[in-house]
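Next up, target-v7.cif (mmCIF, C-alpha atoms):
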```
data_target
loop_
_atom_site.group_PDB
_atom_site.id
_atom_site.type_symbol
_atom_site.label_atom_id
_atom_site.label_comp_id
_atom_site.auth_asym_id
_atom_site.auth_seq_id
_atom_site.Cartn_x
_atom_site.Cartn_y
_atom_site.Cartn_z
ATOM 1 C CA MET A 1 0.000 0.000 0.000
ATOM 2 C CA ASN A 2 2.849 2.393 0.787
ATOM 3 C CA ARG A 3 4.198 2.214 -2.778
ATOM 4 C CA ILE A 4 0.786 3.158 -4.203
ATOM 5 C CA TRP A 5 0.491 5.963 -1.670
ATOM 6 C CA GLN A 6 3.928 7.256 -2.682
ATOM 7 C CA THR A 7 2.967 7.113 -6.346
ATOM 8 C CA TYR A 8 -0.247 8.971 -5.550
ATOM 9 C CA GLN A 9 1.671 11.732 -3.794
ATOM 10 C CA ASP A 10 4.343 11.973 -6.482
ATOM 11 C CA GLN A 11 2.392 11.446 -9.684
ATOM 12 C CA GLY A 12 -1.285 11.736 -8.842
ATOM 13 C CA TYR A 13 -4.415 9.610 -8.979
ATOM 14 C CA HIS A 14 -4.184 8.075 -12.447
ATOM 15 C CA ALA A 15 -0.631 6.874 -11.894
ATOM 16 C CA ALA A 16 -1.562 5.393 -8.510
ATOM 17 C CA VAL A 17 -4.454 3.296 -9.800
ATOM 18 C CA ALA A 18 -2.299 2.081 -12.692
ATOM 19 C CA VAL A 19 0.180 0.421 -10.325
ATOM 20 C CA PRO A 20 -0.349 -3.387 -10.515
ATOM 21 C CA ALA A 21 -1.854 -4.468 -7.166
ATOM 22 C CA SER A 22 -0.043 -7.368 -5.539
ATOM 23 C CA SER A 23 -2.646 -8.060 -2.837
ATOM 24 C CA ALA A 24 -6.278 -7.586 -1.887
ATOM 25 C CA THR A 25 -5.173 -4.781 0.434
ATOM 26 C CA GLU A 26 -3.630 -2.869 -2.468
ATOM 27 C CA SER A 27 -6.647 -3.472 -4.706
ATOM 28 C CA PHE A 28 -8.945 -2.096 -2.033
ATOM 29 C CA TYR A 29 -6.675 0.867 -1.447
ATOM 30 C CA GLN A 30 -6.974 1.717 -5.139
ATOM 31 C CA SER A 31 -10.747 1.399 -4.805
ATOM 32 C CA LEU A 32 -10.736 4.009 -2.035
ATOM 33 C CA LEU A 33 -8.557 6.331 -4.096
ATOM 34 C CA ALA A 34 -10.951 5.942 -7.020
ATOM 35 C CA PHE A 35 -13.963 6.638 -4.814
ATOM 36 C CA GLY A 36 -12.299 9.752 -3.443
ATOM 37 C CA HIS A 37 -11.865 10.971 -7.015
ATOM 38 C CA GLN A 38 -15.510 10.176 -7.908
ATOM 39 C CA ASP A 39 -14.363 7.449 -10.318
ATOM 40 C CA PHE A 40 -17.036 4.973 -9.292
ATOM 41 C CA ASP A 41 -16.461 2.550 -12.173
ATOM 42 C CA GLN A 42 -12.876 2.045 -11.097
ATOM 43 C CA ALA A 43 -13.819 2.004 -7.419
ATOM 44 C CA ALA A 44 -16.280 -0.854 -8.046
ATOM 45 C CA HIS A 45 -13.733 -2.678 -10.208
ATOM 46 C CA TYR A 46 -10.984 -2.593 -7.612
ATOM 47 C CA SER A 47 -13.325 -3.498 -4.726
ATOM 48 C CA SER A 48 -14.588 -6.504 -6.679
ATOM 49 C CA GLN A 49 -10.990 -7.460 -7.366
ATOM 50 C CA ALA A 50 -10.161 -7.241 -3.637
ATOM 51 C CA ALA A 51 -13.225 -9.346 -2.784
ATOM 52 C CA MET A 52 -12.156 -12.044 -5.247
ATOM 53 C CA GLN A 53 -8.620 -12.038 -3.883
ATOM 54 C CA GLU A 54 -9.789 -12.257 -0.259
ATOM 55 C CA PRO A 55 -13.430 -13.439 -0.162
ATOM 56 C CA ASP A 56 -13.478 -13.939 3.606
ATOM 57 C CA ASN A 57 -12.855 -10.251 4.277
ATOM 58 C CA LEU A 58 -16.258 -8.700 5.012
ATOM 59 C CA VAL A 59 -15.036 -5.187 4.284
ATOM 60 C CA TYR A 60 -14.055 -6.111 0.737
ATOM 61 C CA THR A 61 -17.166 -8.156 -0.056
ATOM 62 C CA GLN A 62 -19.594 -5.617 1.403
ATOM 63 C CA ALA A 63 -17.732 -2.751 -0.260
ATOM 64 C CA ALA A 64 -17.966 -4.482 -3.641
ATOM 65 C CA ALA A 65 -21.715 -4.989 -3.179
ATOM 66 C CA TYR A 66 -22.192 -1.380 -2.113
ATOM 67 C CA LEU A 67 -20.218 0.116 -4.997
ATOM 68 C CA ASN A 68 -22.035 -2.040 -7.537
ATOM 69 C CA ARG A 69 -25.271 -0.617 -6.157
ATOM 70 C CA VAL A 70 -23.844 2.872 -6.585
ATOM 71 C CA LEU A 71 -23.238 2.102 -10.257
ATOM 72 C CA LYS A 72 -26.730 0.688 -10.806
ATOM 73 C CA GLU A 73 -28.890 3.008 -8.676
ATOM 74 C CA GLY A 74 -26.900 6.202 -8.505
ATOM 75 C CA ARG A 75 -25.044 7.344 -5.474
ATOM 76 C CA GLN A 76 -27.826 9.615 -4.250
ATOM 77 C CA ASN A 77 -30.047 6.570 -3.609
ATOM 78 C CA VAL A 78 -27.708 4.475 -1.526
ATOM 79 C CA TYR A 79 -26.908 6.588 1.506
ATOM 80 C CA ALA A 80 -27.566 5.310 5.014
ATOM 81 C CA THR A 81 -31.162 4.215 5.531
ATOM 82 C CA GLY A 82 -33.364 4.610 8.576
ATOM 83 C CA ASP A 83 -33.840 0.859 8.817
ATOM 84 C CA GLY A 84 -30.125 0.237 8.535
ATOM 85 C CA PHE A 85 -29.272 2.737 11.246
ATOM 86 C CA ALA A 86 -32.047 1.483 13.544
ATOM 87 C CA ALA A 87 -30.772 -2.087 13.232
ATOM 88 C CA PHE A 88 -27.220 -0.874 13.801
ATOM 89 C CA ILE A 89 -27.969 1.010 17.003
ATOM 90 C CA ARG A 90 -30.074 -1.848 18.425
ATOM 91 C CA GLY A 91 -27.587 -4.593 17.606
ATOM 92 C CA GLY A 92 -23.969 -5.615 17.811
ATOM 93 C CA SER A 93 -22.067 -4.195 20.760
ATOM 94 C CA ASN A 94 -24.106 -0.971 20.884
ATOM 95 C CA PRO A 95 -26.353 -2.137 23.759
ATOM 96 C CA SER A 96 -23.263 -2.948 25.845
ATOM 97 C CA LEU A 97 -21.680 0.388 24.941
ATOM 98 C CA TYR A 98 -24.752 2.299 26.053
ATOM 99 C CA ASP A 99 -25.160 0.172 29.178
ATOM 100 C CA ALA A 100 -21.660 1.241 30.201
ATOM 101 C CA ALA A 101 -22.442 4.901 29.510
ATOM 102 C CA VAL A 102 -25.740 4.702 31.404
ATOM 103 C CA ALA A 103 -24.066 3.144 34.449
ATOM 104 C CA ALA A 104 -21.394 5.854 34.493
ATOM 105 C CA LEU A 105 -23.913 8.703 34.204
ATOM 106 C CA HIS A 106 -26.217 7.168 36.813
ATOM 107 C CA GLY A 107 -23.320 6.883 39.253
ATOM 108 C CA VAL A 108 -22.481 10.575 38.829
ATOM 109 C CA TYR A 109 -26.072 11.662 39.433
ATOM 110 C CA LEU A 110 -26.135 9.752 42.708
ATOM 111 C CA GLU A 111 -23.237 11.852 44.010
ATOM 112 C CA TYR A 112 -25.607 14.818 44.353
ATOM 113 C CA SER A 113 -28.532 15.586 46.617
ATOM 114 C CA ALA A 114 -30.145 17.636 43.849
ATOM 115 C CA ILE A 115 -29.105 18.292 40.258
ATOM 116 C CA ARG A 116 -29.742 20.779 37.508
ATOM 117 C CA LEU A 117 -28.858 18.793 34.387
ATOM 118 C CA LEU A 118 -28.297 19.837 30.771
ATOM 119 C CA ASP A 119 -28.047 17.118 28.100
ATOM 120 C CA ILE A 120 -26.555 18.156 24.753
ATOM 121 C CA GLY A 121 -27.589 15.957 21.851
ATOM 122 C CA PRO A 122 -29.560 13.314 23.774
ATOM 123 C CA GLY A 123 -31.247 11.976 20.631
ATOM 124 C CA ASN A 124 -34.211 9.862 21.658
ATOM 125 C CA GLY A 125 -32.813 9.391 25.179
ATOM 126 C CA ARG A 126 -30.913 6.138 24.631
ATOM 127 C CA ALA A 127 -28.325 7.096 27.287
ATOM 128 C CA LEU A 128 -30.328 9.620 29.292
ATOM 129 C CA LEU A 129 -33.583 7.840 30.125
ATOM 130 C CA PRO A 130 -32.181 4.695 31.825
ATOM 131 C CA ALA A 131 -29.728 6.824 33.822
ATOM 132 C CA LEU A 132 -32.285 9.207 35.346
ATOM 133 C CA THR A 133 -32.467 9.511 39.123
ATOM 134 C CA GLY A 134 -35.037 11.102 41.399
ATOM 135 C CA ASN A 135 -32.708 13.877 42.537
ATOM 136 C CA ILE A 136 -32.775 15.591 39.119
ATOM 137 C CA HIS A 137 -35.080 18.539 39.705
ATOM 138 C CA GLU A 138 -34.325 20.505 36.511
ATOM 139 C CA LEU A 139 -33.599 18.960 33.111
ATOM 140 C CA ASP A 140 -32.771 20.833 29.936
ATOM 141 C CA LEU A 141 -32.413 19.201 26.526
ATOM 142 C CA VAL A 142 -30.641 20.529 23.436
ATOM 143 C CA GLU A 143 -31.297 18.362 20.384
ATOM 144 C CA PRO A 144 -31.249 19.413 16.696
ATOM 145 C CA SER A 145 -33.483 16.561 15.479
ATOM 146 C CA ARG A 146 -37.121 17.487 15.997
ATOM 147 C CA ALA A 147 -38.232 13.863 15.488
ATOM 148 C CA MET A 148 -35.866 12.444 18.099
ATOM 149 C CA LEU A 149 -36.584 15.273 20.518
ATOM 150 C CA GLY A 150 -40.305 14.582 20.213
ATOM 151 C CA GLU A 151 -39.727 10.898 20.909
ATOM 152 C CA LEU A 152 -37.671 11.762 23.992
ATOM 153 C CA GLN A 153 -40.275 14.195 25.308
ATOM 154 C CA THR A 154 -42.977 11.556 24.910
ATOM 155 C CA ALA A 155 -40.883 9.151 26.973
ATOM 156 C CA LEU A 156 -40.243 11.833 29.605
ATOM 157 C CA ALA A 157 -43.990 12.310 30.020
ATOM 158 C CA GLY A 158 -43.900 9.200 32.196
ATOM 159 C CA HIS A 159 -41.367 10.792 34.563
ATOM 160 C CA VAL A 160 -42.000 13.405 37.246
ATOM 161 C CA ILE A 161 -38.876 15.356 36.273
ATOM 162 C CA PRO A 162 -39.756 18.770 34.808
ATOM 163 C CA HIS A 163 -37.893 19.513 31.616
ATOM 164 C CA ARG A 164 -37.356 22.149 28.973
ATOM 165 C CA ALA A 165 -36.440 21.352 25.400
ATOM 166 C CA PHE A 166 -34.581 23.360 22.794
ATOM 167 C CA CYS A 167 -34.624 22.094 19.213
ATOM 168 C CA GLY A 168 -31.398 23.297 17.691
ATOM 169 C CA THR A 169 -27.631 23.095 17.922
ATOM 170 C CA LEU A 170 -25.451 23.812 20.922
ATOM 171 C CA GLN A 171 -24.131 26.861 19.080
ATOM 172 C CA GLN A 172 -27.661 28.246 18.749
ATOM 173 C CA PHE A 173 -28.523 27.411 22.343
ATOM 174 C CA ALA A 174 -25.364 29.011 23.745
ATOM 175 C CA GLY A 175 -26.175 32.193 21.870
ATOM 176 C CA GLN A 176 -29.406 32.714 23.796
ATOM 177 C CA SER A 177 -29.166 30.928 27.173
ATOM 178 C CA ALA A 178 -27.720 32.400 30.373
ATOM 179 C CA ASP A 179 -28.724 29.540 32.689
ATOM 180 C CA ASN A 180 -26.360 27.506 34.880
ATOM 181 C CA TRP A 181 -26.287 23.778 35.639
ATOM 182 C CA ASP A 182 -24.655 21.443 38.135
ATOM 183 C CA VAL A 183 -23.940 18.841 35.447
ATOM 184 C CA ILE A 184 -23.777 19.193 31.673
ATOM 185 C CA GLN A 185 -23.443 16.007 29.617
ATOM 186 C CA ALA A 186 -22.938 14.999 26.000
ATOM 187 C CA THR A 187 -22.878 11.353 24.948
ATOM 188 C CA PHE A 188 -21.205 10.857 21.552
ATOM 189 C CA SER A 189 -22.620 14.165 20.290
ATOM 190 C CA LEU A 190 -19.827 16.758 20.496
ATOM 191 C CA GLN A 191 -17.782 15.084 17.740
ATOM 192 C CA SER A 192 -20.014 16.903 15.250
ATOM 193 C CA ILE A 193 -18.606 20.264 16.393
ATOM 194 C CA SER A 194 -15.659 21.440 14.331
ATOM 195 C CA THR A 195 -12.270 21.755 15.970
ATOM 196 C CA ALA A 196 -12.285 25.501 15.319
ATOM 197 C CA GLU A 197 -15.522 25.970 17.276
ATOM 198 C CA ARG A 198 -14.720 23.738 20.243
ATOM 199 C CA LEU A 199 -12.659 26.043 22.419
ATOM 200 C CA GLY A 200 -15.308 28.759 22.416
ATOM 201 C CA LEU A 201 -18.096 26.315 23.186
ATOM 202 C CA PHE A 202 -16.070 24.520 25.870
ATOM 203 C CA THR A 203 -15.433 27.908 27.474
ATOM 204 C CA TRP A 204 -19.171 28.623 27.444
ATOM 205 C CA LEU A 205 -19.874 25.209 28.985
ATOM 206 C CA ARG A 206 -17.291 25.870 31.718
ATOM 207 C CA GLU A 207 -18.874 29.250 32.466
ATOM 208 C CA HIS A 208 -22.344 27.707 32.772
ATOM 209 C CA GLY A 209 -21.660 24.299 34.350
ATOM 210 C CA ALA A 210 -19.703 23.146 37.370
ATOM 211 C CA ARG A 211 -19.150 19.729 35.800
ATOM 212 C CA LEU A 212 -19.060 18.500 32.206
ATOM 213 C CA LEU A 213 -19.378 14.825 31.252
ATOM 214 C CA ILE A 214 -18.441 13.828 27.699
ATOM 215 C CA ALA A 215 -18.671 10.261 26.381
ATOM 216 C CA GLU A 216 -16.493 9.869 23.278
ATOM 217 C CA PHE A 217 -14.302 7.481 21.316
ATOM 218 C CA ASP A 218 -10.506 7.436 21.477
ATOM 219 C CA VAL A 219 -9.846 7.718 17.733
ATOM 220 C CA PRO A 220 -6.258 8.214 16.522
ATOM 221 C CA GLU A 221 -5.238 11.232 14.482
ATOM 222 C CA PHE A 222 -4.065 10.694 10.914
ATOM 223 C CA ALA A 223 -2.111 12.982 8.647
ATOM 224 C CA GLN A 224 -4.229 12.740 5.494
ATOM 225 C CA MET A 225 -7.451 11.199 4.194
ATOM 226 C CA HIS A 226 -5.779 8.425 2.165
ATOM 227 C CA ALA A 227 -2.732 7.892 4.379
ATOM 228 C CA PRO A 228 -2.012 4.129 4.580
ATOM 229 C CA ASP A 229 -2.213 4.024 8.388
ATOM 230 C CA ARG A 230 -5.683 5.597 8.244
ATOM 231 C CA VAL A 231 -6.857 3.106 5.623
ATOM 232 C CA GLU A 232 -5.450 0.208 7.656
ATOM 233 C CA TYR A 233 -7.246 1.464 10.765
ATOM 234 C CA VAL A 234 -10.594 1.867 9.009
ATOM 235 C CA VAL A 235 -10.436 -1.527 7.261
ATOM 236 C CA GLU A 236 -9.403 -3.457 10.360
ATOM 237 C CA HIS A 237 -11.980 -1.832 12.635
ATOM 238 C CA TYR A 238 -14.810 -2.019 10.125
ATOM 239 C CA ARG A 239 -14.025 -5.683 9.684
ATOM 240 C CA ARG A 240 -14.736 -6.103 13.398
ATOM 241 C CA GLY A 241 -17.891 -4.016 13.222
ATOM 242 C CA LEU A 242 -19.295 -5.834 10.193
ATOM 243 C CA ALA A 243 -18.731 -9.174 11.919
ATOM 244 C CA GLU A 244 -21.185 -8.113 14.636
ATOM 245 C CA TYR A 245 -23.979 -7.919 12.015
ATOM 246 C CA ALA A 246 -22.934 -10.780 9.744
ATOM 247 C CA GLY A 247 -26.274 -12.580 10.111
ATOM 248 C CA ASP A 248 -28.658 -9.777 9.100
ATOM 249 C CA GLY A 249 -28.485 -10.215 5.323
ATOM 250 C CA GLY A 250 -26.495 -7.023 4.808
ATOM 251 C CA LEU A 251 -29.085 -4.649 6.297
ATOM 252 C CA VAL A 252 -26.624 -2.802 8.526
ATOM 253 C CA ALA A 253 -23.664 -3.169 6.178
ATOM 254 C CA GLN A 254 -25.442 -1.801 3.097
ATOM 255 C CA GLY A 255 -27.896 0.498 4.869
ATOM 256 C CA PHE A 256 -25.444 2.170 7.221
ATOM 257 C CA LEU A 257 -21.856 0.999 7.674
ATOM 258 C CA MET A 258 -20.707 1.035 4.047
ATOM 259 C CA PRO A 259 -22.108 4.509 3.285
ATOM 260 C CA VAL A 260 -20.449 5.813 6.442
ATOM 261 C CA MET A 261 -17.133 4.096 5.733
ATOM 262 C CA PHE A 262 -16.881 5.379 2.181
ATOM 263 C CA GLY A 263 -17.815 8.829 3.466
ATOM 264 C CA TYR A 264 -14.454 8.926 5.248
ATOM 265 C CA PHE A 265 -12.784 8.950 1.828
ATOM 266 C CA ASP A 266 -15.072 11.382 0.022
ATOM 267 C CA GLY A 267 -13.224 14.634 -0.467
ATOM 268 C CA THR A 268 -16.295 16.301 -2.030
ATOM 269 C CA ALA A 269 -18.601 15.878 0.988
ATOM 270 C CA ALA A 270 -18.786 18.388 3.825
ATOM 271 C CA ARG A 271 -17.188 16.988 6.938
ATOM 272 C CA THR A 272 -19.704 16.136 9.683
ATOM 273 C CA ASN A 273 -17.472 14.317 12.145
ATOM 274 C CA TYR A 274 -14.397 15.550 14.031
ATOM 275 C CA GLU A 275 -13.295 12.622 16.164
ATOM 276 C CA GLN A 276 -9.945 12.742 17.930
ATOM 277 C CA PRO A 277 -7.891 11.037 20.667
ATOM 278 C CA ILE A 278 -9.278 11.265 24.196
ATOM 279 C CA GLN A 279 -6.197 13.165 25.354
ATOM 280 C CA ALA A 280 -6.913 15.803 22.703
ATOM 281 C CA TRP A 281 -10.401 16.256 24.178
ATOM 282 C CA ALA A 282 -8.902 16.538 27.660
ATOM 283 C CA GLY A 283 -6.327 19.080 26.497
ATOM 284 C CA GLN A 284 -8.977 21.290 24.899
ATOM 285 C CA LEU A 285 -11.070 21.214 28.076
ATOM 286 C CA LYS A 286 -8.083 22.302 30.161
ATOM 287 C CA GLN A 287 -7.399 25.052 27.651
ATOM 288 C CA ALA A 288 -11.014 26.193 28.119
ATOM 289 C CA GLY A 289 -10.405 26.595 31.844
ATOM 290 C CA PHE A 290 -11.609 23.366 33.471
ATOM 291 C CA THR A 291 -9.426 22.850 36.536
ATOM 292 C CA THR A 292 -9.711 19.055 36.763
ATOM 293 C CA VAL A 293 -10.115 16.726 33.787
ATOM 294 C CA GLU A 294 -10.270 12.962 34.352
ATOM 295 C CA THR A 295 -10.884 10.148 31.877
ATOM 296 C CA ARG A 296 -12.550 6.832 32.626
ATOM 297 C CA PHE A 297 -12.617 3.807 30.337
ATOM 298 C CA LEU A 298 -16.153 2.776 29.418
ATOM 299 C CA TYR A 299 -16.160 0.042 26.789
ATOM 300 C CA PRO A 300 -13.900 -1.615 24.151
ATOM 301 C CA TYR A 301 -16.079 -0.682 21.180
ATOM 302 C CA TRP A 302 -15.148 -2.028 17.733
ATOM 303 C CA TRP A 303 -14.487 1.394 16.196
ATOM 304 C CA ALA A 304 -12.455 2.721 19.120
ATOM 305 C CA SER A 305 -12.522 2.379 22.898
ATOM 306 C CA ALA A 306 -15.103 4.618 24.556
ATOM 307 C CA TYR A 307 -14.269 6.855 27.520
ATOM 308 C CA LEU A 308 -16.095 9.168 29.881
ATOM 309 C CA ILE A 309 -14.344 12.515 30.264
ATOM 310 C CA ASP A 310 -15.168 14.185 33.585
ATOM 311 C CA ALA A 311 -14.236 17.879 33.604
ATOM 312 C CA ARG A 312 -14.811 20.090 36.628
ATOM 313 C CA THR A 313 -14.271 23.619 37.792
ATOM 314 C CA VAL A 314 -14.912 25.528 41.006
ATOM 315 C CA PRO A 315 -18.686 25.487 41.702
ATOM 316 C CA ILE A 316 -20.244 28.773 40.614
ATOM 317 C CA PHE A 317 -23.690 28.413 42.177
#
```
How does the structure come out when it is put into structure tokens?
Amino acid sequence: MNRIWQTYQDQGYHAAVAVPASSATESFYQSLLAFGHQDFDQAAHYSSQAAMQEPDNLVYTQAAAYLNRVLKEGRQNVYATGDGFAAFIRGGSNPSLYDAAVAALHGVYLEYSAIRLLDIGPGNGRALLPALTGNIHELDLVEPSRAMLGELQTALAGHVIPHRAFCGTLQQFAGQSADNWDVIQATFSLQSISTAERLGLFTWLREHGARLLIAEFDVPEFAQMHAPDRVEYVVEHYRRGLAEYAGDGGLVAQGFLMPVMFGYFDGTAARTNYEQPIQAWAGQLKQAGFTTVETRFLYPYWWASAYLIDARTVPIF
């Protein structure tokens, strides 16, 4: 793979895909290069070649199936589906991941006699609802998806905890709220905020919360989109993830995981995810003024290990 990468850097795309591939890994690497350059015919060709060379590799076989669908149906029709995502979040190791997050959040709530809680990006309450405790006397929700927020509010109707809901982004909410909270939490939701915006928002969170809990993945940093170490990481970890859904007839693979995986190598799409190492998160929180930042291992998830980051400052209430 390194020799193709070097050719790509020195001579460009067409020279790189013309290098004879000596393995399934190299064939698939050329497929990713082709996809990144919107050359879907070549991307499908090289993925099919990788799948023939190594038919037991789920990444290669599912990628070949996905790219052949792109050729037949058009790329606009084969993005992640609702059914695929729903099956993904319900299955595999996701229940165990969320169980670990719920237990960690629940344990923090029990440290208080009374809590004012803000949840940023709770979705439909997958992590929030099972963690709730009776000492939460104020609950605020910030969620950009109106559908998921409505589902969460319906579920909260069965609880005695009063809540307020804001449908929008954290950036929009921060621009109009002056409230304070004992605990602010975000479970796998802050990765959508660009690196450039984080320091300002973390500073706002520190000014308005005595404690910030962030559940995130410890994802390595890579130099460039098609760098060989990044490709190796994605292929190896997606192979693990696909294995968790091997018996569903391709629902999760074709309806969610493949569109997401190929999105990592699409230079034409706007970036929606800014994952980073846990220590980078911790460093940014310290830079924003949190006096104590601790990290706690949550779960060995297939994409990357999940951690709870616990950032505190001097109580302001």
Practice problem: Return as JSON, numbers by chain the set of residues that the PyMOL selection byres ((chain A and resi 222) around 12) yields on the displayed structure. | Solution: {"A": [219, 220, 221, 223, 224, 225, 226, 227, 228, 229, 230, 231, 232, 233, 234, 264, 274, 275, 276, 277]}
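Of the residues listed (A:Met1, A:Ile120, A:Leu32, A:Ala18), A:Leu32 shows the shortest atom-to-atom separation from Gly267 in chain A; distances use all atoms listed in the file.
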Quiz item: What lies within 8 Å of Cys167 in chain A using all atoms listed in the file, ignoring chain neighbours under 4 positions off, as a PyMOL selection string?
Solution: chain A and resi 142-146+149
Residues picked by the PyMOL selection byres ((chain A and resi 271) around 12) here, as a CSV table (one decimal) with C-alpha atoms, keeping the file's coordinate frame?
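Saved file selection.csv follows:
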```csv
chain,number,residue,atom,x,y,z
A,191,GLN,CA,-17.8,15.1,17.7
A,192,SER,CA,-20.0,16.9,15.2
A,193,ILE,CA,-18.6,20.3,16.4
A,194,SER,CA,-15.7,21.4,14.3
A,195,THR,CA,-12.3,21.8,16.0
A,225,MET,CA,-7.5,11.2,4.2
A,260,VAL,CA,-20.4,5.8,6.4
A,263,GLY,CA,-17.8,8.8,3.5
A,264,TYR,CA,-14.5,8.9,5.2
A,265,PHE,CA,-12.8,9.0,1.8
A,266,ASP,CA,-15.1,11.4,0.0
A,267,GLY,CA,-13.2,14.6,-0.5
A,268,THR,CA,-16.3,16.3,-2.0
A,269,ALA,CA,-18.6,15.9,1.0
A,270,ALA,CA,-18.8,18.4,3.8
A,272,THR,CA,-19.7,16.1,9.7
A,273,ASN,CA,-17.5,14.3,12.1
A,274,TYR,CA,-14.4,15.6,14.0
A,275,GLU,CA,-13.3,12.6,16.2
```
Practice problem: Find, counting only C-alpha atoms, the residue in A:His159, A:Arg296, A:His137, A:Arg164 that gets nearest to Phe217 in chain A. | Solution: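 Looking only at the distances to Phe217 in chain A, the closest residue turns out to be A:Arg296.
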Practice problem: Take CA of Ala16 in chain A and CA of Phe40 in chain A and report the distance between them in Å, one decimal. | Solution: 15.5 Å
Self-check item: Nearest residue to Gln284 in chain A from the set A:Tyr238, A:Phe85, A:Phe202, A:Phe262 (distances using all atoms listed in the file)
Solution: A:Phe202
Quiz item: Could you work out how far CA of Arg116 in chain A lies from CA of Leu205 in chain A, giving the answer in Å with one decimal?
Solution: 13.8 Å
Self-check item: Picked residues, the PyMOL selection byres ((chain A and resi 23-26) around 10), expected as a ChimeraX atom specification
Solution: /A:1-5,17,19-22,27-32,46-55,57,60,231-232,235
Practice problem: Grab the CA of Ala253 in chain A to CA of Asp56 in chain A distance for me, in Å with one decimal place. | Solution: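 For CA of Ala253 in chain A relative to CA of Asp56 in chain A, the distance reads 15.0 Å.
Omitting Val293 in chain A and its sequence neighbours fewer than 3 positions away, and counting all atoms listed in the file, the residues within 10 Å are Arg211, Leu212, Leu213, Gln279, Trp281, Ala282, Gly283, Leu285, Lys286, Phe290, Ile309, Asp310, Ala311, Arg312 and Thr313 of chain A.
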Quiz prompt | Among listed residues A:Thr203, A:Gln6, A:Gln254, A:Gln153, nearest Asp83 in chain A (using only C-alpha atoms) | solution = A:Gln254
Coordinates of box centre and edge lengths for range 127-131 of chain A, 5 Å on every side, axis-aligned, as AutoDock Vina command-line options:
```
--center_x -31.0 --center_y 7.2 --center_z 30.6 --size_x 15.3 --size_y 14.9 --size_z 16.5
```
Quiz prompt | Residue among A:Leu152, A:Tyr13, A:Asn124, A:Gly158 lying closest to Ile89 in chain A, counting only C-alpha atoms | solution = A:Asn124
Range 208-257 of chain A near range 100-103 of chain A within 10 Å: what's each residue's closest atom pair and its distance in Å to one decimal, counting only C-alpha atoms, ordered by chain then ascending residue number, as JSON lines?
```
{"residue": "A:Ile214", "atom": "CA", "partner": "A:Ala101", "partner_atom": "CA", "distance": 9.9}
{"residue": "A:Ala215", "atom": "CA", "partner": "A:Ala101", "partner_atom": "CA", "distance": 7.3}
{"residue": "A:Glu216", "atom": "CA", "partner": "A:Ala101", "partner_atom": "CA", "distance": 9.9}
```
Take the residues that were just selected and, keeping C-alpha atoms, output them as an mmCIF file, in the frame of the given file.
```
data_model
loop_
_atom_site.group_PDB
_atom_site.id
_atom_site.type_symbol
_atom_site.label_atom_id
_atom_site.label_comp_id
_atom_site.auth_asym_id
_atom_site.auth_seq_id
_atom_site.Cartn_x
_atom_site.Cartn_y
_atom_site.Cartn_z
ATOM 1 C CA ILE A 214 -18.441 13.828 27.699
ATOM 2 C CA ALA A 215 -18.671 10.261 26.381
ATOM 3 C CA GLU A 216 -16.493 9.869 23.278
#
```
